[in-house]
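> Dropping in input02.cif, with mmCIF, C-alpha atoms.
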```
data_data
#
loop_
_atom_site.group_PDB
_atom_site.id
_atom_site.type_symbol
_atom_site.label_atom_id
_atom_site.label_comp_id
_atom_site.auth_asym_id
_atom_site.auth_seq_id
_atom_site.Cartn_x
_atom_site.Cartn_y
_atom_site.Cartn_z
ATOM 1 C CA MET A 1 7.354 2.904 -25.618
ATOM 2 C CA LYS A 2 4.202 4.375 -24.101
ATOM 3 C CA ALA A 3 4.184 5.979 -20.680
ATOM 4 C CA ILE A 4 1.684 8.126 -18.799
ATOM 5 C CA THR A 5 3.422 11.372 -17.925
ATOM 6 C CA LEU A 6 2.248 14.155 -15.649
ATOM 7 C CA LYS A 7 2.309 17.506 -17.433
ATOM 8 C CA ALA A 8 1.911 19.433 -14.160
ATOM 9 C CA PHE A 9 0.704 18.677 -10.666
ATOM 10 C CA GLY A 10 -3.038 19.101 -10.473
ATOM 11 C CA ALA A 11 -6.079 17.635 -12.193
ATOM 12 C CA ILE A 12 -6.525 14.198 -13.722
ATOM 13 C CA ASP A 13 -6.419 15.805 -17.175
ATOM 14 C CA ASN A 14 -2.718 16.465 -16.603
ATOM 15 C CA LEU A 15 -2.040 12.743 -17.076
ATOM 16 C CA ALA A 16 -1.145 12.080 -20.725
ATOM 17 C CA ILE A 17 -0.084 9.003 -22.692
ATOM 18 C CA THR A 18 3.291 9.875 -24.225
ATOM 19 C CA GLU A 19 5.918 8.146 -26.360
ATOM 20 C CA ILE A 20 9.261 8.118 -24.543
ATOM 21 C CA PRO A 21 12.525 6.184 -25.024
ATOM 22 C CA GLU A 22 12.817 2.794 -23.365
ATOM 23 C CA PRO A 23 14.845 3.089 -20.139
ATOM 24 C CA THR A 24 18.462 1.962 -20.031
ATOM 25 C CA VAL A 25 19.173 -0.830 -17.548
ATOM 26 C CA GLN A 26 21.878 -0.063 -15.009
ATOM 27 C CA ASN A 27 24.194 -2.681 -13.499
ATOM 28 C CA ASP A 28 21.944 -3.363 -10.500
ATOM 29 C CA GLN A 29 18.647 -3.167 -12.361
ATOM 30 C CA VAL A 30 16.301 -5.323 -14.423
ATOM 31 C CA LEU A 31 14.012 -4.142 -17.207
ATOM 32 C CA VAL A 32 10.430 -5.215 -16.597
ATOM 33 C CA ALA A 33 7.676 -5.411 -19.202
ATOM 34 C CA VAL A 34 4.799 -4.222 -17.038
ATOM 35 C CA LYS A 35 1.597 -6.267 -16.996
ATOM 36 C CA ALA A 36 -0.275 -4.612 -14.118
ATOM 37 C CA ILE A 37 -0.007 -1.476 -11.983
ATOM 38 C CA SER A 38 -1.679 -0.857 -8.630
ATOM 39 C CA ILE A 39 -3.117 2.613 -7.964
ATOM 40 C CA ASN A 40 -2.860 3.951 -4.403
ATOM 41 C CA PRO A 41 -4.125 7.052 -2.595
ATOM 42 C CA VAL A 42 -0.529 8.342 -2.667
ATOM 43 C CA ASP A 43 -0.673 8.258 -6.486
ATOM 44 C CA VAL A 44 -3.729 10.500 -6.403
ATOM 45 C CA LYS A 45 -2.308 12.831 -3.750
ATOM 46 C CA THR A 46 1.022 13.149 -5.569
ATOM 47 C CA ARG A 47 -0.686 13.875 -8.887
ATOM 48 C CA ALA A 48 -2.551 16.701 -7.136
ATOM 49 C CA GLY A 49 0.687 18.156 -5.738
ATOM 50 C CA ARG A 50 0.664 16.571 -2.297
ATOM 51 C CA GLY A 51 1.897 13.110 -1.292
ATOM 52 C CA VAL A 52 5.523 12.775 -2.400
ATOM 53 C CA ALA A 53 5.283 15.506 -5.049
ATOM 54 C CA GLY A 54 8.066 17.473 -3.403
ATOM 55 C CA ARG A 55 10.443 14.541 -3.803
ATOM 56 C CA ILE A 56 9.878 14.062 -7.551
ATOM 57 C CA LYS A 57 9.022 17.569 -8.780
ATOM 58 C CA ASP A 58 12.395 18.129 -10.472
ATOM 59 C CA ASN A 59 12.200 15.011 -12.669
ATOM 60 C CA ASN A 60 11.438 15.414 -16.355
ATOM 61 C CA PRO A 61 9.211 13.794 -17.353
ATOM 62 C CA ILE A 62 7.351 12.977 -14.148
ATOM 63 C CA ILE A 63 5.952 9.457 -14.321
ATOM 64 C CA LEU A 64 3.843 8.405 -11.351
ATOM 65 C CA GLY A 65 3.347 4.950 -9.921
ATOM 66 C CA TRP A 66 5.260 2.505 -7.754
ATOM 67 C CA ASP A 67 3.436 -0.838 -7.773
ATOM 68 C CA ILE A 68 4.082 -3.266 -10.613
ATOM 69 C CA SER A 69 3.900 -6.855 -11.693
ATOM 70 C CA GLY A 70 5.448 -7.977 -14.954
ATOM 71 C CA THR A 71 8.097 -9.988 -16.768
ATOM 72 C CA VAL A 72 11.862 -9.441 -16.810
ATOM 73 C CA VAL A 73 13.066 -8.708 -20.372
ATOM 74 C CA ALA A 74 16.643 -7.574 -19.654
ATOM 75 C CA VAL A 75 19.076 -7.947 -16.755
ATOM 76 C CA GLY A 76 21.903 -5.675 -15.599
ATOM 77 C CA GLY A 77 25.385 -7.152 -15.384
ATOM 78 C CA GLY A 78 25.461 -7.173 -11.598
ATOM 79 C CA VAL A 79 22.114 -8.909 -11.109
ATOM 80 C CA THR A 80 22.200 -12.593 -10.206
ATOM 81 C CA GLN A 81 18.796 -13.250 -8.592
ATOM 82 C CA PHE A 82 16.664 -12.738 -11.717
ATOM 83 C CA LYS A 83 16.833 -13.809 -15.342
ATOM 84 C CA THR A 84 14.992 -12.940 -18.541
ATOM 85 C CA GLY A 85 11.510 -14.438 -18.493
ATOM 86 C CA ASP A 86 11.016 -14.273 -14.722
ATOM 87 C CA ASP A 87 7.658 -12.933 -13.550
ATOM 88 C CA VAL A 88 8.320 -10.417 -10.771
ATOM 89 C CA PHE A 89 6.465 -7.919 -8.602
ATOM 90 C CA GLY A 90 7.322 -5.155 -6.190
ATOM 91 C CA MET A 91 7.095 -1.547 -5.104
ATOM 92 C CA ILE A 92 9.665 0.515 -6.999
ATOM 93 C CA ASN A 93 11.792 3.316 -5.562
ATOM 94 C CA PHE A 94 9.236 4.470 -3.022
ATOM 95 C CA PRO A 95 9.177 7.214 -1.824
ATOM 96 C CA GLY A 96 11.207 8.384 -4.839
ATOM 97 C CA HIS A 97 10.476 8.443 -8.567
ATOM 98 C CA GLY A 98 8.980 5.029 -9.337
ATOM 99 C CA GLN A 99 7.965 5.638 -12.970
ATOM 100 C CA ALA A 100 5.614 2.649 -12.946
ATOM 101 C CA TYR A 101 3.049 4.111 -15.368
ATOM 102 C CA ALA A 102 4.891 2.779 -18.401
ATOM 103 C CA GLU A 103 5.109 -0.231 -20.671
ATOM 104 C CA ARG A 104 8.647 -0.960 -19.460
ATOM 105 C CA VAL A 105 10.365 0.076 -16.250
ATOM 106 C CA ALA A 106 14.000 -0.174 -15.120
ATOM 107 C CA VAL A 107 13.838 -1.452 -11.551
ATOM 108 C CA PRO A 108 16.491 -1.932 -8.855
ATOM 109 C CA ALA A 109 16.679 -5.704 -8.456
ATOM 110 C CA GLN A 110 16.623 -5.373 -4.661
ATOM 111 C CA HIS A 111 13.067 -3.980 -4.847
ATOM 112 C CA LEU A 112 11.569 -7.057 -6.499
ATOM 113 C CA ALA A 113 10.581 -10.636 -5.753
ATOM 114 C CA ILE A 114 9.490 -13.537 -7.935
ATOM 115 C CA LYS A 115 5.727 -13.428 -8.464
ATOM 116 C CA PRO A 116 4.022 -16.559 -7.153
ATOM 117 C CA ALA A 117 2.654 -18.594 -10.054
ATOM 118 C CA SER A 118 -0.534 -19.119 -8.032
ATOM 119 C CA ILE A 119 -1.630 -15.475 -8.331
ATOM 120 C CA SER A 120 -2.312 -13.231 -11.321
ATOM 121 C CA HIS A 121 -0.312 -10.157 -12.302
ATOM 122 C CA GLU A 122 -3.294 -8.061 -11.177
ATOM 123 C CA GLN A 123 -3.301 -9.659 -7.726
ATOM 124 C CA ALA A 124 0.480 -9.365 -7.465
ATOM 125 C CA ALA A 125 0.512 -5.657 -8.362
ATOM 126 C CA ALA A 126 -2.215 -5.074 -5.768
ATOM 127 C CA ALA A 127 -0.094 -6.743 -3.078
ATOM 128 C CA THR A 128 2.797 -4.310 -3.072
ATOM 129 C CA LEU A 129 2.674 -0.838 -1.449
ATOM 130 C CA ALA A 130 -0.484 -1.509 0.559
ATOM 131 C CA LEU A 131 0.608 -4.939 1.788
ATOM 132 C CA LEU A 132 4.167 -3.752 2.445
ATOM 133 C CA THR A 133 2.749 -0.904 4.539
ATOM 134 C CA ALA A 134 0.743 -3.281 6.721
ATOM 135 C CA TYR A 135 3.657 -5.715 6.962
ATOM 136 C CA GLN A 136 6.276 -3.133 7.904
ATOM 137 C CA ALA A 137 3.901 -1.508 10.401
ATOM 138 C CA MET A 138 3.070 -4.767 12.160
ATOM 139 C CA THR A 139 6.398 -6.577 12.072
ATOM 140 C CA GLN A 140 9.038 -3.828 12.106
ATOM 141 C CA HIS A 141 7.569 -0.660 13.648
ATOM 142 C CA ALA A 142 5.553 -2.768 16.075
ATOM 143 C CA THR A 143 5.511 -6.469 16.862
ATOM 144 C CA ILE A 144 2.056 -8.017 16.827
ATOM 145 C CA THR A 145 1.962 -11.184 18.919
ATOM 146 C CA GLU A 146 -0.481 -13.942 19.777
ATOM 147 C CA GLY A 147 -3.539 -12.773 21.692
ATOM 148 C CA GLN A 148 -3.048 -9.031 21.292
ATOM 149 C CA ARG A 149 -6.034 -6.813 20.510
ATOM 150 C CA VAL A 150 -5.636 -4.932 17.243
ATOM 151 C CA LEU A 151 -7.869 -2.152 15.877
ATOM 152 C CA ILE A 152 -7.673 -1.487 12.144
ATOM 153 C CA HIS A 153 -9.419 1.566 10.746
ATOM 154 C CA ALA A 154 -10.801 1.528 7.192
ATOM 155 C CA ALA A 155 -10.487 -2.243 7.290
ATOM 156 C CA ALA A 156 -12.057 -2.704 3.849
ATOM 157 C CA GLY A 157 -9.558 -0.407 2.110
ATOM 158 C CA GLY A 158 -6.256 -1.101 0.397
ATOM 159 C CA VAL A 159 -3.972 -1.183 3.438
ATOM 160 C CA GLY A 160 -6.779 -2.163 5.794
ATOM 161 C CA HIS A 161 -7.881 -5.343 4.070
ATOM 162 C CA PHE A 162 -4.302 -6.630 4.067
ATOM 163 C CA ALA A 163 -3.765 -5.529 7.676
ATOM 164 C CA VAL A 164 -6.764 -7.533 8.893
ATOM 165 C CA GLN A 165 -5.435 -10.707 7.257
ATOM 166 C CA LEU A 166 -1.890 -10.156 8.463
ATOM 167 C CA ALA A 167 -2.901 -9.367 12.056
ATOM 168 C CA LYS A 168 -5.050 -12.485 12.141
ATOM 169 C CA HIS A 169 -2.157 -14.551 10.777
ATOM 170 C CA LEU A 170 0.017 -13.161 13.579
ATOM 171 C CA GLY A 171 -2.509 -14.405 16.139
ATOM 172 C CA ALA A 172 -4.243 -11.174 17.105
ATOM 173 C CA TYR A 173 -7.867 -10.524 18.020
ATOM 174 C CA VAL A 174 -8.819 -8.171 15.201
ATOM 175 C CA ILE A 175 -11.366 -5.357 15.289
ATOM 176 C CA GLY A 176 -12.057 -3.616 11.981
ATOM 177 C CA THR A 177 -13.970 -0.440 11.207
ATOM 178 C CA SER A 178 -15.811 0.213 7.949
ATOM 179 C CA SER A 179 -19.275 1.079 6.708
ATOM 180 C CA ALA A 180 -22.070 -1.417 7.248
ATOM 181 C CA ALA A 181 -21.998 -2.179 3.515
ATOM 182 C CA ASN A 182 -18.539 -3.722 3.938
ATOM 183 C CA ARG A 183 -19.215 -5.576 7.188
ATOM 184 C CA ASP A 184 -19.384 -9.034 5.622
ATOM 185 C CA PHE A 185 -16.231 -8.360 3.589
ATOM 186 C CA VAL A 186 -14.256 -7.327 6.682
ATOM 187 C CA LEU A 187 -15.438 -10.340 8.686
ATOM 188 C CA ALA A 188 -14.638 -12.661 5.772
ATOM 189 C CA LEU A 189 -11.059 -11.350 5.850
ATOM 190 C CA GLY A 190 -10.764 -12.786 9.357
ATOM 191 C CA ALA A 191 -11.771 -9.894 11.614
ATOM 192 C CA ASP A 192 -13.239 -11.038 14.919
ATOM 193 C CA ARG A 193 -15.382 -7.952 15.307
ATOM 194 C CA HIS A 194 -16.739 -5.240 13.003
ATOM 195 C CA ILE A 195 -17.666 -1.673 13.907
ATOM 196 C CA ASP A 196 -19.804 0.467 11.601
ATOM 197 C CA TYR A 197 -18.113 3.852 11.878
ATOM 198 C CA LYS A 198 -21.280 5.606 10.675
ATOM 199 C CA THR A 199 -23.495 4.397 13.524
ATOM 200 C CA GLN A 200 -21.019 3.698 16.332
ATOM 201 C CA ARG A 201 -18.176 5.678 17.799
ATOM 202 C CA PHE A 202 -15.490 3.057 18.218
ATOM 203 C CA GLU A 203 -14.124 4.692 21.380
ATOM 204 C CA HIS A 204 -17.475 4.026 23.072
ATOM 205 C CA VAL A 205 -17.408 0.279 22.408
ATOM 206 C CA VAL A 206 -13.721 -0.691 22.286
ATOM 207 C CA SER A 207 -11.067 -0.636 25.020
ATOM 208 C CA ASP A 208 -7.705 -2.135 26.014
ATOM 209 C CA VAL A 209 -6.328 -2.250 22.487
ATOM 210 C CA ASP A 210 -2.644 -3.133 22.077
ATOM 211 C CA PHE A 211 -2.190 -1.760 18.564
ATOM 212 C CA VAL A 212 -4.062 0.655 16.298
ATOM 213 C CA LEU A 213 -3.383 1.018 12.583
ATOM 214 C CA ASP A 214 -4.884 4.287 11.416
ATOM 215 C CA THR A 215 -5.251 4.952 7.699
ATOM 216 C CA ILE A 216 -7.620 7.923 8.106
ATOM 217 C CA GLY A 217 -5.860 10.613 10.142
ATOM 218 C CA GLY A 218 -7.421 13.751 11.617
ATOM 219 C CA ASP A 219 -9.295 13.375 14.900
ATOM 220 C CA ASN A 220 -9.366 9.623 14.369
ATOM 221 C CA ILE A 221 -5.893 9.535 15.957
ATOM 222 C CA THR A 222 -6.976 11.424 19.084
ATOM 223 C CA ARG A 223 -10.062 9.243 19.428
ATOM 224 C CA SER A 224 -7.913 6.129 19.033
ATOM 225 C CA LEU A 225 -5.793 7.213 21.997
ATOM 226 C CA GLU A 226 -8.844 6.680 24.199
ATOM 227 C CA VAL A 227 -8.929 2.954 23.450
ATOM 228 C CA VAL A 228 -5.219 2.069 23.575
ATOM 229 C CA ARG A 229 -3.945 0.473 26.736
ATOM 230 C CA LYS A 230 -0.879 1.746 28.587
ATOM 231 C CA GLY A 231 2.188 0.632 26.679
ATOM 232 C CA GLY A 232 0.258 0.179 23.434
ATOM 233 C CA THR A 233 1.047 1.566 19.982
ATOM 234 C CA ILE A 234 -0.701 3.734 17.387
ATOM 235 C CA ILE A 235 0.694 3.914 13.883
ATOM 236 C CA SER A 236 -0.819 6.562 11.614
ATOM 237 C CA ILE A 237 -0.140 6.383 7.903
ATOM 238 C CA PRO A 238 -1.666 9.533 6.352
ATOM 239 C CA THR A 239 -0.713 12.313 8.771
ATOM 240 C CA GLY A 240 1.325 11.104 11.702
ATOM 241 C CA LEU A 241 0.881 12.572 15.164
ATOM 242 C CA ASN A 242 1.062 16.313 15.757
ATOM 243 C CA ALA A 243 2.763 17.776 18.840
ATOM 244 C CA GLU A 244 -0.443 17.914 20.872
ATOM 245 C CA VAL A 245 -1.356 14.302 20.126
ATOM 246 C CA LYS A 246 2.222 13.161 20.819
ATOM 247 C CA ALA A 247 2.036 14.819 24.227
ATOM 248 C CA LEU A 248 -1.267 13.059 24.960
ATOM 249 C CA ALA A 249 0.236 9.748 23.859
ATOM 250 C CA GLU A 250 3.323 10.192 26.025
ATOM 251 C CA ALA A 251 1.179 11.079 29.031
ATOM 252 C CA LYS A 252 -0.643 7.781 28.580
ATOM 253 C CA ASN A 253 2.586 5.872 27.887
ATOM 254 C CA VAL A 254 1.394 5.074 24.359
ATOM 255 C CA ARG A 255 3.870 4.903 21.513
ATOM 256 C CA GLY A 256 2.750 6.909 18.485
ATOM 257 C CA ASP A 257 4.502 6.586 15.139
ATOM 258 C CA PHE A 258 4.175 7.785 11.574
ATOM 259 C CA ILE A 259 5.563 5.395 9.000
ATOM 260 C CA LEU A 260 6.486 5.825 5.369
ATOM 261 C CA VAL A 261 6.735 2.462 3.652
ATOM 262 C CA GLN A 262 10.064 1.651 2.016
ATOM 263 C CA SER A 263 10.838 -0.495 -1.041
ATOM 264 C CA ASN A 264 12.336 -3.778 0.138
ATOM 265 C CA GLY A 265 12.839 -6.950 -1.897
ATOM 266 C CA ASN A 266 13.468 -9.088 1.191
ATOM 267 C CA ASP A 267 10.081 -8.089 2.569
ATOM 268 C CA MET A 268 8.510 -8.764 -0.825
ATOM 269 C CA ARG A 269 9.913 -12.290 -0.774
ATOM 270 C CA SER A 270 8.375 -12.884 2.650
ATOM 271 C CA LEU A 271 5.042 -11.595 1.384
ATOM 272 C CA ALA A 272 5.306 -13.729 -1.750
ATOM 273 C CA GLY A 273 5.299 -16.781 0.508
ATOM 274 C CA LEU A 274 2.165 -15.613 2.331
ATOM 275 C CA LEU A 275 0.430 -14.900 -0.981
ATOM 276 C CA ASP A 276 1.446 -18.211 -2.511
ATOM 277 C CA SER A 277 0.108 -20.150 0.475
ATOM 278 C CA GLY A 278 -3.183 -18.242 0.428
ATOM 279 C CA ILE A 279 -2.654 -16.837 3.921
ATOM 280 C CA ILE A 280 -2.905 -13.350 2.414
ATOM 281 C CA LYS A 281 -5.201 -12.641 -0.544
ATOM 282 C CA ALA A 282 -5.370 -9.439 -2.585
ATOM 283 C CA HIS A 283 -8.895 -8.240 -3.282
ATOM 284 C CA VAL A 284 -8.983 -6.397 -6.617
ATOM 285 C CA SER A 285 -12.302 -4.596 -6.838
ATOM 286 C CA LYS A 286 -11.786 -2.767 -10.129
ATOM 287 C CA VAL A 287 -9.498 -3.168 -13.157
ATOM 288 C CA PHE A 288 -8.948 -0.438 -15.744
ATOM 289 C CA PRO A 289 -6.997 -0.570 -19.023
ATOM 290 C CA PHE A 290 -3.863 1.589 -19.345
ATOM 291 C CA GLN A 291 -5.728 4.091 -21.529
ATOM 292 C CA GLN A 292 -8.173 4.750 -18.663
ATOM 293 C CA MET A 293 -5.633 5.720 -16.001
ATOM 294 C CA GLY A 294 -7.635 8.893 -15.358
ATOM 295 C CA ALA A 295 -10.732 6.850 -14.539
ATOM 296 C CA ALA A 296 -8.658 4.727 -12.149
ATOM 297 C CA HIS A 297 -7.482 7.895 -10.380
ATOM 298 C CA ALA A 298 -11.052 9.183 -10.161
ATOM 299 C CA HIS A 299 -12.178 5.894 -8.627
ATOM 300 C CA VAL A 300 -9.439 5.917 -5.970
ATOM 301 C CA GLU A 301 -10.086 9.603 -5.302
ATOM 302 C CA THR A 302 -13.589 8.800 -4.033
ATOM 303 C CA GLY A 303 -12.019 7.210 -0.936
ATOM 304 C CA ARG A 304 -14.570 4.414 -1.132
ATOM 305 C CA THR A 305 -12.471 1.711 -2.753
ATOM 306 C CA VAL A 306 -12.894 -1.799 -1.395
ATOM 307 C CA GLY A 307 -9.540 -3.538 -1.580
ATOM 308 C CA LYS A 308 -7.437 -2.393 -4.536
ATOM 309 C CA VAL A 309 -7.727 -0.745 -7.952
ATOM 310 C CA VAL A 310 -5.440 -2.068 -10.682
ATOM 311 C CA VAL A 311 -4.524 -0.898 -14.201
ATOM 312 C CA THR A 312 -3.463 -3.424 -16.825
ATOM 313 C CA VAL A 313 -0.877 -2.613 -19.497
#
```
How does this structure look as structure tokens?


Amino acid sequence: MKAITLKAFGAIDNLAITEIPEPTVQNDQVLVAVKAISINPVDVKTRAGRGVAGRIKDNNPIILGWDISGTVVAVGGGVTQFKTGDDVFGMINFPGHGQAYAERVAVPAQHLAIKPASISHEQAAAATLALLTAYQAMTQHATITEGQRVLIHAAAGGVGHFAVQLAKHLGAYVIGTSSAANRDFVLALGADRHIDYKTQRFEHVVSDVDFVLDTIGGDNITRSLEVVRKGGTIISIPTGLNAEVKALAEAKNVRGDFILVQSNGNDMRSLAGLLDSGIIKAHVSKVFPFQQMGAAHAHVETGRTVGKVVVTV
């Protein structure tokens, strides 16, 4: 079968289509014929030697990718929840070696859920790592409740566009930051208020926020501390909070957390329900064929993606 292997951490040119043996299905796994793969910033960072590169560097070959949607073609002896022919989706083995950039992938059954028939494989693949991140941040690391004020940075991005929809579903008043070009998109997702980060400093116009989801990092975290009320929460995805920022947060009685999303089939089943009902919708802005994985990486690397980028197999 064909897979895209990483010859060495570094440039996009290090990604190469390679013929490798089809994976063997273990007792607790299913073999999935992959239809679509979602590309995330962590894919790009890991390819370059950052991200989770340290966790997978000793694998041979290294095959990137974690987000898939596809069809079950074989089932391990211990698996009872799936059968051959089922359409499934999920985030595989994150933050370990997902090996999603391949025609077929052996996947722990507990990382998958049945794909809703109402959405495409492209939409399903898009609604995995990014949506799981927003979901786990807002329902497990924090608890968003009716009437709370929520600030979501980069609200038009992969995690952000799901976070806006989820926070609104949970009953929050949602403030989203993005460029002016994406204002209408962010408001259409359900945000109550939009802030153009290029012309307004959010800390000058926002206050008394209960929860901040930061997908940018850097001084954005420190600036966010200025708008969080006492007892509120900041969750930062890319960098977490350094010692100085943690001290500032503690002094203000603000909880600051870094989260690393975890593969979880139970969570995927919950999200499948939200996707099937149309409460959450995946916005796929660009689709590339498998042979153009490098172009997909280059597109994500710009940091200007609206919604999600998907590769079809």

> Going by the chain IDs and residue numbers used in this file, which residues fall under the PyMOL selection byres ((chain A and resi 307) around 7)? Write them as a list in words.

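Evaluating the PyMOL selection byres ((chain A and resi 307) around 7) on these coordinates yields Ala156, Gly157, Gly158, His161, His283, Val284, Ser285, Thr305, Val306 and Lys308 of chain A.
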
> For the residues in that selection, give me C-alpha atoms as a CSV table (one decimal), in the frame of the given file.


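Final output, saved to out-v5.csv:
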```csv
chain,number,residue,atom,x,y,z
A,156,ALA,CA,-12.1,-2.7,3.8
A,157,GLY,CA,-9.6,-0.4,2.1
A,158,GLY,CA,-6.3,-1.1,0.4
A,161,HIS,CA,-7.9,-5.3,4.1
A,283,HIS,CA,-8.9,-8.2,-3.3
A,284,VAL,CA,-9.0,-6.4,-6.6
A,285,SER,CA,-12.3,-4.6,-6.8
A,305,THR,CA,-12.5,1.7,-2.8
A,306,VAL,CA,-12.9,-1.8,-1.4
A,308,LYS,CA,-7.4,-2.4,-4.5
```

> Selected by the PyMOL selection byres ((chain A and resi 230-245) around 6) in the shown coordinates: which residues, as a list in words?

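Checked against the file, the PyMOL selection byres ((chain A and resi 230-245) around 6) matches Asp210, Phe211, Val212, Leu213, Asp214, Thr215, Gly217, Val228, Arg229, Lys246, Ala247, Leu248, Asn253, Val254, Arg255, Gly256, Asp257, Phe258 and Ile259 of chain A.
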
> Find the spatial neighbours of Gly273 of chain A, counting all atoms listed in the file, within a cut-off of 12 Å - ignore same-chain residues fewer than 2 positions away - and output them as an mmCIF file with C-alpha atoms, in the coordinates of the input.


```cif
data_model
loop_
_atom_site.group_PDB
_atom_site.id
_atom_site.type_symbol
_atom_site.label_atom_id
_atom_site.label_comp_id
_atom_site.auth_asym_id
_atom_site.auth_seq_id
_atom_site.Cartn_x
_atom_site.Cartn_y
_atom_site.Cartn_z
ATOM 1 C CA ALA A 113 10.581 -10.636 -5.753
ATOM 2 C CA ILE A 114 9.490 -13.537 -7.935
ATOM 3 C CA LYS A 115 5.727 -13.428 -8.464
ATOM 4 C CA PRO A 116 4.022 -16.559 -7.153
ATOM 5 C CA ALA A 117 2.654 -18.594 -10.054
ATOM 6 C CA SER A 118 -0.534 -19.119 -8.032
ATOM 7 C CA ILE A 119 -1.630 -15.475 -8.331
ATOM 8 C CA ALA A 124 0.480 -9.365 -7.465
ATOM 9 C CA ALA A 127 -0.094 -6.743 -3.078
ATOM 10 C CA ASN A 266 13.468 -9.088 1.191
ATOM 11 C CA ASP A 267 10.081 -8.089 2.569
ATOM 12 C CA MET A 268 8.510 -8.764 -0.825
ATOM 13 C CA ARG A 269 9.913 -12.290 -0.774
ATOM 14 C CA SER A 270 8.375 -12.884 2.650
ATOM 15 C CA LEU A 271 5.042 -11.595 1.384
ATOM 16 C CA LEU A 275 0.430 -14.900 -0.981
ATOM 17 C CA ASP A 276 1.446 -18.211 -2.511
ATOM 18 C CA SER A 277 0.108 -20.150 0.475
ATOM 19 C CA GLY A 278 -3.183 -18.242 0.428
ATOM 20 C CA ILE A 279 -2.654 -16.837 3.921
ATOM 21 C CA ILE A 280 -2.905 -13.350 2.414
ATOM 22 C CA LYS A 281 -5.201 -12.641 -0.544
#
```

> Show me the residues close to (6.5, -4.8, -13.7) - anything with an atom within 8 Å, counting all atoms listed in the file - and format the list as a ChimeraX atom specification.

/A:32-37,67-72,88-90,100,104-105

> For the provided coordinates, the residues matched by the PyMOL selection byres ((chain A and resi 311) around 8) should be stated as an NGL selection string.

:A and (36-39 or 122 or 287-290 or 293 or 296 or 309-310 or 312-313)

> Need the shell around Gln110 of chain A: protein/DNA/RNA residues with any atom at most 6 Å away, counting all atoms listed in the file. Skip same-chain ones fewer than 2 positions apart. Format as a PyMOL selection string?

chain A and resi 108+112+265

> Between atom CA of Ile92 of chain A and atom CA of Ala11 of chain A, what is the spacing in Å?

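Result for atom CA of Ala11 of chain A versus atom CA of Ile92 of chain A: 23.8 Å, one decimal.
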
> Write out as a PyMOL selection string the residues lying within 8 Å of segment 14-18 of chain A, counting all atoms listed in the file and excluding same-chain residues fewer than 3 positions away.

chain A and resi 2-11+291+293-294

> In terms of the shortest atom-to-atom distance over all atoms listed in the file, which of A:Asp43, A:Glu250, A:Asp196, A:Glu146 is closest to Val174 of chain A?

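So, comparing all the options, the nearest one is A:Glu146.
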
> So, counting all atoms listed in the file, which residue among A:Phe94, A:Phe162, A:Tyr197, A:Phe185 is closest to Leu131 of chain A?

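That would be A:Phe162, the residue with the smallest distance to Leu131 of chain A.
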
> For atom CA of Gly54 of chain A and atom CA of Val25 of chain A, determine how far apart the two atoms are, in Å to one decimal place.

25.7 Å

> Which protein, DNA or RNA residues have an atom at most 12 Å from (11.7, 13.7, -9.3), counting only C-alpha atoms? List them as a list in words.

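Those within range, by chain then number, are Leu6, Thr46, Val52, Ala53, Gly54, Arg55, Ile56, Lys57, Asp58, Asn59, Asn60, Pro61, Ile62, Ile63, Leu64, Asn93, Phe94, Pro95, Gly96, His97, Gly98 and Gln99 of chain A.
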
> Take the residues just selected and output them with C-alpha atoms as a tab-separated table (two decimals), keeping the file's coordinate frame.


```tsv
chain	number	residue	atom	x	y	z
A	6	LEU	CA	2.25	14.16	-15.65
A	46	THR	CA	1.02	13.15	-5.57
A	52	VAL	CA	5.52	12.78	-2.40
A	53	ALA	CA	5.28	15.51	-5.05
A	54	GLY	CA	8.07	17.47	-3.40
A	55	ARG	CA	10.44	14.54	-3.80
A	56	ILE	CA	9.88	14.06	-7.55
A	57	LYS	CA	9.02	17.57	-8.78
A	58	ASP	CA	12.40	18.13	-10.47
A	59	ASN	CA	12.20	15.01	-12.67
A	60	ASN	CA	11.44	15.41	-16.36
A	61	PRO	CA	9.21	13.79	-17.35
A	62	ILE	CA	7.35	12.98	-14.15
A	63	ILE	CA	5.95	9.46	-14.32
A	64	LEU	CA	3.84	8.40	-11.35
A	93	ASN	CA	11.79	3.32	-5.56
A	94	PHE	CA	9.24	4.47	-3.02
A	95	PRO	CA	9.18	7.21	-1.82
A	96	GLY	CA	11.21	8.38	-4.84
A	97	HIS	CA	10.48	8.44	-8.57
A	98	GLY	CA	8.98	5.03	-9.34
A	99	GLN	CA	7.96	5.64	-12.97
```

> Which polymer residues have any atom within 10 Å of an atom of His194 of chain A, counting only C-alpha atoms, with same-chain residues fewer than 2 positions away left out, as a PyMOL selection string?

chain A and resi 151-152+155+174-180+182-187+191-192+196-197+202

> Go ahead and compute the interatomic distance for atom CA of Val206 of chain A and atom CA of Asp219 of chain A, in Å to one decimal.

16.5 Å

> Which residue, A:Val209, A:Val261, A:Ala102, A:Val79, has the smallest gap to Thr133 of chain A when you use only C-alpha atoms?

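Distance minimum relative to Thr133 of chain A lands on A:Val261.
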
> Using all atoms listed in the file, can you tell me which of A:Pro41, A:Gly190, A:Glu103, A:Ala298 comes closest to Ile20 of chain A?

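Among the listed residues, A:Glu103 lies closest to Ile20 of chain A.
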
> Select, from A:Ile195, A:Ala249, A:Leu170, A:Ala188, the residue with the minimum atom-to-atom distance to Thr145 of chain A, counting all atoms listed in the file.

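Checking each candidate against Thr145 of chain A, we get A:Leu170 as the closest.
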
> Between A:Arg193, A:Lys83, A:Lys252, A:Arg304, single out the one closest to Thr222 of chain A, counting all atoms listed in the file.

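So, comparing all the options, the nearest one is A:Lys252.
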